[in-house]
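Here the structure comes first, spelled out in structure tokens, and everything after it is commentary.
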Amino acid sequence: MSSTELLYGVLMTALASSAAMTMVMLLRRPVRHWLGASAAYLLWLAVPVAIAAVLLPAPRVVATAMHAAGTASGTVTAFVAPMKALPIWPLLLAGIWACGVLLTAVGLIRQQRRFVRGLGRVERRADGFWQAQAVLGLPAAMHLWRPRIVLPAGFEQRYTVQEQQLVLLHEQLHVRRGDIVVNALLAVMQCIHWFNPLLPFALRRCRDDQELSCDERVVARVGGERRSYGSAMLKTGLASSPLPVGCHWQSPHPLKERIAMLKRPVPGVKQWVTMVMLSLGVSSGLGYAAWAAQPTRQEIASVGALHAVALEVDADGERQQFQIREHAGKPFAFALQSGKGVSWNAEFTLEAADAGQLRLSGELKADGVVVSRPVLLIAADAPAGVKVSTADGRSVLDVALRVSRVASANQGTAAGKGRISVEPQSTPASIPSFATMSPPRYPPSMHTGEVWLKIDVAADGAVTGVVVDSSSGHADLDAAAVEAARGWTLNPGSKDGEAVAGQVRVPVRFDMDKTETETSEVTS
């Protein structure tokens with residue numbers, strides 16, 4: 001990964017997490033009042049979902065085109081240049097960001113060690129808990145890999161037996177729910193996004209909701225002991241030094257808010273179902289919005305060399321000649337009605353083979369029935385052919401062909417726009433074919449659909465008119481297709497060796513994976 005890609009990923013995740021945190025902070029209080037503290041805590045799931053969404057591959061647009069020449073059609077891929085990365089001192093910015101990550105991590109590690117050193121000697125008790133010499137900030141749930149619950153000095157003297165059970169239940173819930181892991185991830189996020197001014201405030205609110213949610217779960221289990229639980233809160237010594245990776249009692253905690261929450265009723269089953277559905281809805285909605293908001297990635301597909309295939313086809317006396325240009329590995333096809341009324345369809349794929357040869361494989365059908373699947377090893381610029389007949393011998397198809405390599409200049413312009421052409425040869429009358437073509441721009445709405453265009457072509461190949469023959473149902477897709485078509489250039493149709501004006505009917509498909517442009521119906 002380059003420094004530019006790294007910085008871009010950090011920036012995009014910071015923007016996505018900021019949007020999610022802002023949304024959660026706006027919703028947390030009304031949701032907590034409506035559904036309880038656990039519902040507000042669940043809302044924070046939207047933050048990691050939004051971050052993960054922007055790390056997924058962005059929507060990608062690849063345009064392909066189907067061309068017709070006489071009765072032949074071929075498949076050619078049109079490419080656009082990849083999105084350019086920000087060129088402004090990427091190494092310097094990456095160095096500054098890395099220094100910020102390191103300094104933030106060092107600061108959090110020092111806070112963690114300061115808290116641990118302040119505990120004094122910690123010894124394991126017979127009941128499985130740990131006893132410290134300090135009081136402030138305890139009890140606490142600590143250690144990421146092997147969580148332990150550390151109790152303050154004089155734990156039995158400070159709390160009644162009932163209060164001891166409630167305090168221990170509180171810390172045990174932190175461990176069982178994985179809150180220590182959550183706080184560790186928050187610390188990692190704080191290191192990566194150290195430059196985000198919103199992050200410290202949001203993390204503080206998240207940990208507040210974590211404590212309130214844990215209090216709510218304790219009350220749900222021992223509903224008749226709210227007074228004892230509130231008394232235990234007031235007896236607990238609050239630490240001024242935070243514990244980044246762990247759950248403990250610290251002075252910034254909203255103690256008054258926690259005690260006031262003890263008076264609220266515990267959420268019922270319906271509220272639990274509602275809070276889970278709300279959390280999933282908010283998280284998935286923000287995640288999809290973050291993913292869809294990414295700039296559409298326009299990439300150059302990996303294709304083989306471009307070849308020109310000259311064909312001469314004879315089907316029961318019906319003879320045609322034409323040429324198709326196609327990249328190796330991409331299929332091309334043609335159809336022909338024989339002199340005896342048999343419909344022949346052929347599809348071939350050209351691939352590189354050993355010793356500089358080419359491998360031509362295909363499938364030939366007569367009236368929809370597969371007659372042959374030939375495989376040929378041929379040399380460039382050397383004649384080759386295939387001759388097959390139907391099972392009853394009624395119709396014979398004879399294909400003579402010659403494959404030549406096309407110069408690289410014909411494969412694309414410096415701007416990255418693919419050149420697409422199908423060049424008719426000596427046919428009695430030929431139809432327009434594409435000379436240059438740019439794929440349509442994918443609208444921000446990310447709608448999908450298919451637009452059919454009618455394009456008027458002048459004798460010089462210029463596009464003189466574009467109308468929507470069949471709408472996709474989305475005005476932005478229709479407009480994008482029309483805008484792209486106006487910039488296309490075509491090889492004009494010809495009759496008796498002279499260029500003539502004509503019309504071509506083109507479908508343009510938009511979907512989340514690719515944008516396809518096909519010419520399948522042509523009128524002159």
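How things are named: the first chain in the structure tokens is A, the next is B, and so on; residues count from 1 in each chain; ligands count from 1 in the order shown.
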
Give me, as a compact mmCIF listing (two decimals) with C-alpha atoms, in the first residue's frame, all polymer residues having an atom no more than 10 Å from A:Arg207, counting only C-alpha atoms and skipping those fewer than 6 positions away in the same chain.
```txt
# COMPACT_ATOMS: atom_id res chain seq x y z
CA TYR A 41 -25.03 1.92 23.90
CA ASP A 179 -16.45 -4.18 27.21
CA VAL A 182 -14.54 -2.53 23.08
CA ASN A 183 -12.41 -0.04 25.05
CA LEU A 186 -11.64 2.64 21.07
CA SER A 213 -25.93 0.18 30.12
CA CYS A 247 -13.52 -0.67 32.93
CA HIS A 253 -18.38 9.40 35.01
```

TODO: Skip stretch 140-142 of chain A itself and residues of its chain fewer than 6 positions away, then list as a PyMOL selection string all residues within 6 Å of it, counting only C-alpha atoms.
DONE: chain A and resi 148-150+171+246-248

Would you write out those residues with N, CA and C atoms, as a PDB file, in the first residue's frame?
```
ATOM      1  N   ARG A 148      -9.243  -9.731  34.562  1.00  0.00           N
ATOM      2  CA  ARG A 148      -9.306  -9.954  36.003  1.00  0.00           C
ATOM      3  C   ARG A 148     -10.061  -8.787  36.641  1.00  0.00           C
ATOM      4  N   ILE A 149     -10.721  -9.060  37.722  1.00  0.00           N
ATOM      5  CA  ILE A 149     -11.449  -8.037  38.472  1.00  0.00           C
ATOM      6  C   ILE A 149     -10.628  -7.707  39.708  1.00  0.00           C
ATOM      7  N   VAL A 150     -10.206  -6.448  39.823  1.00  0.00           N
ATOM      8  CA  VAL A 150      -9.353  -5.985  40.914  1.00  0.00           C
ATOM      9  C   VAL A 150     -10.211  -5.210  41.904  1.00  0.00           C
ATOM     10  N   GLU A 171     -18.954  -5.528  37.584  1.00  0.00           N
ATOM     11  CA  GLU A 171     -17.680  -5.778  36.907  1.00  0.00           C
ATOM     12  C   GLU A 171     -17.720  -7.072  36.099  1.00  0.00           C
ATOM     13  N   GLY A 246      -9.751  -1.019  29.856  1.00  0.00           N
ATOM     14  CA  GLY A 246     -10.322  -1.555  31.078  1.00  0.00           C
ATOM     15  C   GLY A 246     -11.591  -0.814  31.420  1.00  0.00           C
ATOM     16  N   CYS A 247     -12.279  -1.285  32.469  1.00  0.00           N
ATOM     17  CA  CYS A 247     -13.518  -0.665  32.929  1.00  0.00           C
ATOM     18  C   CYS A 247     -13.373  -0.378  34.411  1.00  0.00           C
ATOM     19  N   HIS A 248     -13.421   0.898  34.774  1.00  0.00           N
ATOM     20  CA  HIS A 248     -13.222   1.256  36.180  1.00  0.00           C
ATOM     21  C   HIS A 248     -14.052   2.489  36.514  1.00  0.00           C
TER      22      HIS A 248
END
```

TODO: Tell me, as a list of chain:residue names, which residues lie within 8 Å of A:Pro443, counting only C-alpha atoms; anything in the same chain fewer than 6 positions away does not count.
DONE: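 Listed by chain and then number, they are A:Asp476, A:Leu477, A:Ala480.
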
Open item on the list: Let me make sure I understand: among A:Leu397, A:Val313, A:Ala305, A:Ile259, which one has the smallest atom-to-atom distance to A:Leu234 if we use only C-alpha atoms?
Closed with: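 Counting only C-alpha atoms, the residue closest to A:Leu234 is A:Ile259.
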
Open item on the list: Given only C-alpha atoms as the basis, pick out the residue of A:Leu26, A:Val245, A:Arg125, A:Gly9 nearest to A:Ala105.
Closed with: A:Val245

- [ ] Give me every helix (DSSP H, G or I) residue in stretch 32-253 of chain A, going by DSSP on the backbone, as a PyMOL selection string.
- [x] chain A and resi 32-35+37-43+46-55+90-118+155-158+161-177+179-192+199-221+223-235

Task: All residues 9 Å or closer to A:Ser17, only C-alpha atoms, same chain fewer than 6 positions away omitted, as a PyMOL selection string - done: chain A and resi 46-51+199

Can I get the selected residues back with all heavy atoms, as a PDB file, in the first residue's frame?
```
ATOM      1  N   ALA A  46     -22.851   1.638  15.084  1.00  0.00           N
ATOM      2  CA  ALA A  46     -22.825   2.288  13.768  1.00  0.00           C
ATOM      3  C   ALA A  46     -21.432   2.799  13.406  1.00  0.00           C
ATOM      4  O   ALA A  46     -21.097   2.912  12.220  1.00  0.00           O
ATOM      5  CB  ALA A  46     -23.829   3.442  13.735  1.00  0.00           C
ATOM      6  N   VAL A  47     -20.604   3.121  14.400  1.00  0.00           N
ATOM      7  CA  VAL A  47     -19.271   3.683  14.111  1.00  0.00           C
ATOM      8  C   VAL A  47     -18.354   2.648  13.448  1.00  0.00           C
ATOM      9  O   VAL A  47     -17.819   2.912  12.363  1.00  0.00           O
ATOM     10  CB  VAL A  47     -18.652   4.262  15.392  1.00  0.00           C
ATOM     11  CG1 VAL A  47     -17.239   4.784  15.108  1.00  0.00           C
ATOM     12  CG2 VAL A  47     -19.515   5.388  15.947  1.00  0.00           C
ATOM     13  N   PRO A  48     -18.146   1.463  14.045  1.00  0.00           N
ATOM     14  CA  PRO A  48     -17.293   0.490  13.338  1.00  0.00           C
ATOM     15  C   PRO A  48     -17.904   0.011  12.025  1.00  0.00           C
ATOM     16  O   PRO A  48     -17.163  -0.315  11.089  1.00  0.00           O
ATOM     17  CB  PRO A  48     -17.156  -0.669  14.337  1.00  0.00           C
ATOM     18  CG  PRO A  48     -18.303  -0.524  15.264  1.00  0.00           C
ATOM     19  CD  PRO A  48     -18.556   0.943  15.364  1.00  0.00           C
ATOM     20  N   VAL A  49     -19.238  -0.030  11.933  1.00  0.00           N
ATOM     21  CA  VAL A  49     -19.858  -0.440  10.672  1.00  0.00           C
ATOM     22  C   VAL A  49     -19.548   0.579   9.579  1.00  0.00           C
ATOM     23  O   VAL A  49     -19.231   0.205   8.430  1.00  0.00           O
ATOM     24  CB  VAL A  49     -21.381  -0.602  10.851  1.00  0.00           C
ATOM     25  CG1 VAL A  49     -22.068  -0.774   9.495  1.00  0.00           C
ATOM     26  CG2 VAL A  49     -21.682  -1.803  11.749  1.00  0.00           C
ATOM     27  N   ALA A  50     -19.626   1.870   9.898  1.00  0.00           N
ATOM     28  CA  ALA A  50     -19.311   2.909   8.909  1.00  0.00           C
ATOM     29  C   ALA A  50     -17.850   2.841   8.482  1.00  0.00           C
ATOM     30  O   ALA A  50     -17.519   3.022   7.304  1.00  0.00           O
ATOM     31  CB  ALA A  50     -19.640   4.292   9.476  1.00  0.00           C
ATOM     32  N   ILE A  51     -16.953   2.566   9.432  1.00  0.00           N
ATOM     33  CA  ILE A  51     -15.522   2.454   9.094  1.00  0.00           C
ATOM     34  C   ILE A  51     -15.297   1.258   8.180  1.00  0.00           C
ATOM     35  O   ILE A  51     -14.575   1.350   7.177  1.00  0.00           O
ATOM     36  CB  ILE A  51     -14.686   2.330  10.382  1.00  0.00           C
ATOM     37  CG1 ILE A  51     -14.736   3.640  11.169  1.00  0.00           C
ATOM     38  CG2 ILE A  51     -13.245   1.963  10.047  1.00  0.00           C
ATOM     39  CD1 ILE A  51     -14.040   3.576  12.513  1.00  0.00           C
ATOM     40  N   LEU A 199     -13.359  13.159  18.135  1.00  0.00           N
ATOM     41  CA  LEU A 199     -13.190  11.813  18.675  1.00  0.00           C
ATOM     42  C   LEU A 199     -13.127  11.754  20.201  1.00  0.00           C
ATOM     43  O   LEU A 199     -13.828  10.934  20.810  1.00  0.00           O
ATOM     44  CB  LEU A 199     -11.941  11.176  18.062  1.00  0.00           C
ATOM     45  CG  LEU A 199     -11.714   9.708  18.385  1.00  0.00           C
ATOM     46  CD1 LEU A 199     -12.895   8.861  17.931  1.00  0.00           C
ATOM     47  CD2 LEU A 199     -10.430   9.210  17.731  1.00  0.00           C
TER      48      LEU A 199
END
```

Task: Pick from A:Ala475, A:Leu243, A:Ala14, A:Met275 nearest to A:Leu55, counting only C-alpha atoms - done: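 Looking only at the distances to A:Leu55, the closest residue turns out to be A:Ala14.
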
Task: Proximity to A:Thr104 - best of A:Gly341, A:Gly487, A:Pro244, A:Gly329, only C-alpha atoms - done: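 The closest residue to A:Thr104 is A:Pro244.
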
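Non-sequential neighbours of stretch 363-380 of chain A (distance at most 8 Å, separation of 4 or more positions within a chain, only C-alpha atoms) are Val342, Ser343, Trp344, Asn345, Ala346, Glu347, Phe348, Ala353, Gly356, Gln357, Leu358, Arg359, Ala384, Val386, Val388, Ser389, Thr390, Ala391, Arg402, Val403, Ser404 and Arg405 of chain A.
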
Task: Surrounding residues of stretch 285-292 of chain A excluding itself and chain neighbours under 5 positions, 12 Å, only C-alpha atoms, as number ranges by chain - done: A: 12-24, 43-60, 277-280, 297, 443-447, 512

Using N, CA and C atoms, can you export the residues from the last selection as a tab-separated table (two decimals), in the first residue's frame?
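In the end it all went to part-v3.tsv:
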```tsv
chain	number	residue	atom	x	y	z
A	12	MET	N	-10.81	8.78	4.77
A	12	MET	CA	-12.17	8.31	4.51
A	12	MET	C	-12.78	7.66	5.76
A	13	THR	N	-12.00	6.88	6.50
A	13	THR	CA	-12.54	6.28	7.72
A	13	THR	C	-12.81	7.33	8.78
A	14	ALA	N	-11.97	8.37	8.82
A	14	ALA	CA	-12.22	9.45	9.78
A	14	ALA	C	-13.51	10.20	9.46
A	15	LEU	N	-13.74	10.48	8.18
A	15	LEU	CA	-14.97	11.16	7.78
A	15	LEU	C	-16.19	10.30	8.06
A	16	ALA	N	-16.09	9.01	7.72
A	16	ALA	CA	-17.23	8.12	7.94
A	16	ALA	C	-17.52	7.96	9.42
A	17	SER	N	-16.48	7.78	10.25
A	17	SER	CA	-16.70	7.64	11.69
A	17	SER	C	-17.23	8.92	12.31
A	18	SER	N	-16.78	10.07	11.81
A	18	SER	CA	-17.28	11.35	12.34
A	18	SER	C	-18.77	11.51	12.05
A	19	ALA	N	-19.18	11.15	10.84
A	19	ALA	CA	-20.60	11.23	10.51
A	19	ALA	C	-21.41	10.29	11.39
A	20	ALA	N	-20.89	9.08	11.60
A	20	ALA	CA	-21.61	8.11	12.45
A	20	ALA	C	-21.66	8.58	13.90
A	21	MET	N	-20.54	9.10	14.42
A	21	MET	CA	-20.52	9.56	15.80
A	21	MET	C	-21.46	10.75	16.01
A	22	THR	N	-21.51	11.65	15.04
A	22	THR	CA	-22.42	12.78	15.15
A	22	THR	C	-23.86	12.31	15.19
A	23	MET	N	-24.21	11.37	14.34
A	23	MET	CA	-25.57	10.83	14.33
A	23	MET	C	-25.90	10.16	15.66
A	24	VAL	N	-24.98	9.36	16.19
A	24	VAL	CA	-25.23	8.66	17.44
A	24	VAL	C	-25.39	9.64	18.60
A	43	LEU	N	-26.32	1.84	19.87
A	43	LEU	CA	-26.22	2.74	18.72
A	43	LEU	C	-24.77	2.94	18.27
A	44	TRP	N	-23.83	2.81	19.21
A	44	TRP	CA	-22.42	3.04	18.85
A	44	TRP	C	-21.88	1.98	17.91
A	45	LEU	N	-22.63	0.91	17.69
A	45	LEU	CA	-22.23	-0.09	16.69
A	45	LEU	C	-22.13	0.53	15.30
A	46	ALA	N	-22.85	1.64	15.08
A	46	ALA	CA	-22.82	2.29	13.77
A	46	ALA	C	-21.43	2.80	13.41
A	47	VAL	N	-20.60	3.12	14.40
A	47	VAL	CA	-19.27	3.68	14.11
A	47	VAL	C	-18.35	2.65	13.45
A	48	PRO	N	-18.15	1.46	14.05
A	48	PRO	CA	-17.29	0.49	13.34
A	48	PRO	C	-17.90	0.01	12.02
A	49	VAL	N	-19.24	-0.03	11.93
A	49	VAL	CA	-19.86	-0.44	10.67
A	49	VAL	C	-19.55	0.58	9.58
A	50	ALA	N	-19.63	1.87	9.90
A	50	ALA	CA	-19.31	2.91	8.91
A	50	ALA	C	-17.85	2.84	8.48
A	51	ILE	N	-16.95	2.57	9.43
A	51	ILE	CA	-15.52	2.45	9.09
A	51	ILE	C	-15.30	1.26	8.18
A	52	ALA	N	-15.91	0.13	8.53
A	52	ALA	CA	-15.74	-1.07	7.70
A	52	ALA	C	-16.32	-0.85	6.30
A	53	ALA	N	-17.40	-0.07	6.20
A	53	ALA	CA	-18.06	0.14	4.90
A	53	ALA	C	-17.15	0.87	3.93
A	54	VAL	N	-16.42	1.89	4.41
A	54	VAL	CA	-15.56	2.63	3.48
A	54	VAL	C	-14.28	1.87	3.15
A	55	LEU	N	-13.98	0.81	3.91
A	55	LEU	CA	-12.82	-0.02	3.58
A	55	LEU	C	-13.16	-1.08	2.54
A	56	LEU	N	-14.46	-1.28	2.30
A	56	LEU	CA	-14.87	-2.20	1.24
A	56	LEU	C	-14.59	-1.57	-0.12
A	57	PRO	N	-14.43	-2.37	-1.17
A	57	PRO	CA	-14.21	-1.80	-2.51
A	57	PRO	C	-15.34	-0.85	-2.90
A	58	ALA	N	-14.96	0.30	-3.44
A	58	ALA	CA	-15.94	1.29	-3.85
A	58	ALA	C	-16.71	0.81	-5.06
A	59	PRO	N	-17.91	1.40	-5.32
A	59	PRO	CA	-18.63	1.06	-6.56
A	59	PRO	C	-17.73	1.25	-7.77
A	60	ARG	N	-17.75	0.30	-8.68
A	60	ARG	CA	-16.82	0.29	-9.82
A	60	ARG	C	-17.62	0.32	-11.13
A	277	MET	N	-33.56	-3.81	16.71
A	277	MET	CA	-33.93	-3.45	15.34
A	277	MET	C	-33.48	-2.03	15.01
A	278	LEU	N	-33.62	-1.11	15.97
A	278	LEU	CA	-33.18	0.27	15.75
A	278	LEU	C	-31.68	0.33	15.53
A	279	SER	N	-30.93	-0.40	16.38
A	279	SER	CA	-29.48	-0.38	16.24
A	279	SER	C	-29.04	-0.95	14.90
A	280	LEU	N	-29.64	-2.08	14.49
A	280	LEU	CA	-29.30	-2.67	13.20
A	280	LEU	C	-29.67	-1.75	12.05
A	297	ARG	N	-15.11	4.15	-8.50
A	297	ARG	CA	-13.78	3.78	-8.98
A	297	ARG	C	-13.86	3.31	-10.42
A	443	PRO	N	-24.22	8.21	-12.39
A	443	PRO	CA	-24.77	9.26	-11.53
A	443	PRO	C	-24.59	8.92	-10.06
A	444	PRO	N	-24.56	9.93	-9.18
A	444	PRO	CA	-24.39	9.68	-7.73
A	444	PRO	C	-25.52	8.89	-7.11
A	445	SER	N	-26.70	8.87	-7.74
A	445	SER	CA	-27.85	8.16	-7.17
A	445	SER	C	-27.62	6.66	-7.09
A	446	MET	N	-26.70	6.12	-7.91
A	446	MET	CA	-26.41	4.68	-7.97
A	446	MET	C	-27.62	3.85	-8.40
A	447	HIS	N	-28.54	4.49	-9.15
A	447	HIS	CA	-29.66	3.73	-9.70
A	447	HIS	C	-29.14	2.71	-10.71
A	512	MET	N	-24.42	-1.92	-10.58
A	512	MET	CA	-23.44	-1.59	-9.55
A	512	MET	C	-22.06	-2.14	-9.87
```

Open item on the list: According to DSSP computed on the backbone, where in stretch 171-301 of chain A is there strand (DSSP E)? Give the residues as JSON, numbers by chain.
Closed with: {"A": [246, 247, 248, 297, 298]}

The selected residues should be written to file as a short mmCIF file (atom, residue, chain, number, x, y, z; two decimals), in the first residue's frame (atoms: C-alpha atoms).
```
data_model
loop_
_atom_site.label_atom_id
_atom_site.label_comp_id
_atom_site.auth_asym_id
_atom_site.auth_seq_id
_atom_site.Cartn_x
_atom_site.Cartn_y
_atom_site.Cartn_z
CA GLY A 246 -10.32 -1.55 31.08
CA CYS A 247 -13.52 -0.67 32.93
CA HIS A 248 -13.22 1.26 36.18
CA ARG A 297 -13.78 3.78 -8.98
CA GLN A 298 -13.17 3.72 -12.69
#
```

Task: Nearest to A:Leu262, chosen from A:Leu92, A:Val451, A:Ala37, A:Ala328, with only C-alpha atoms counted in the distances - done: A:Ala37
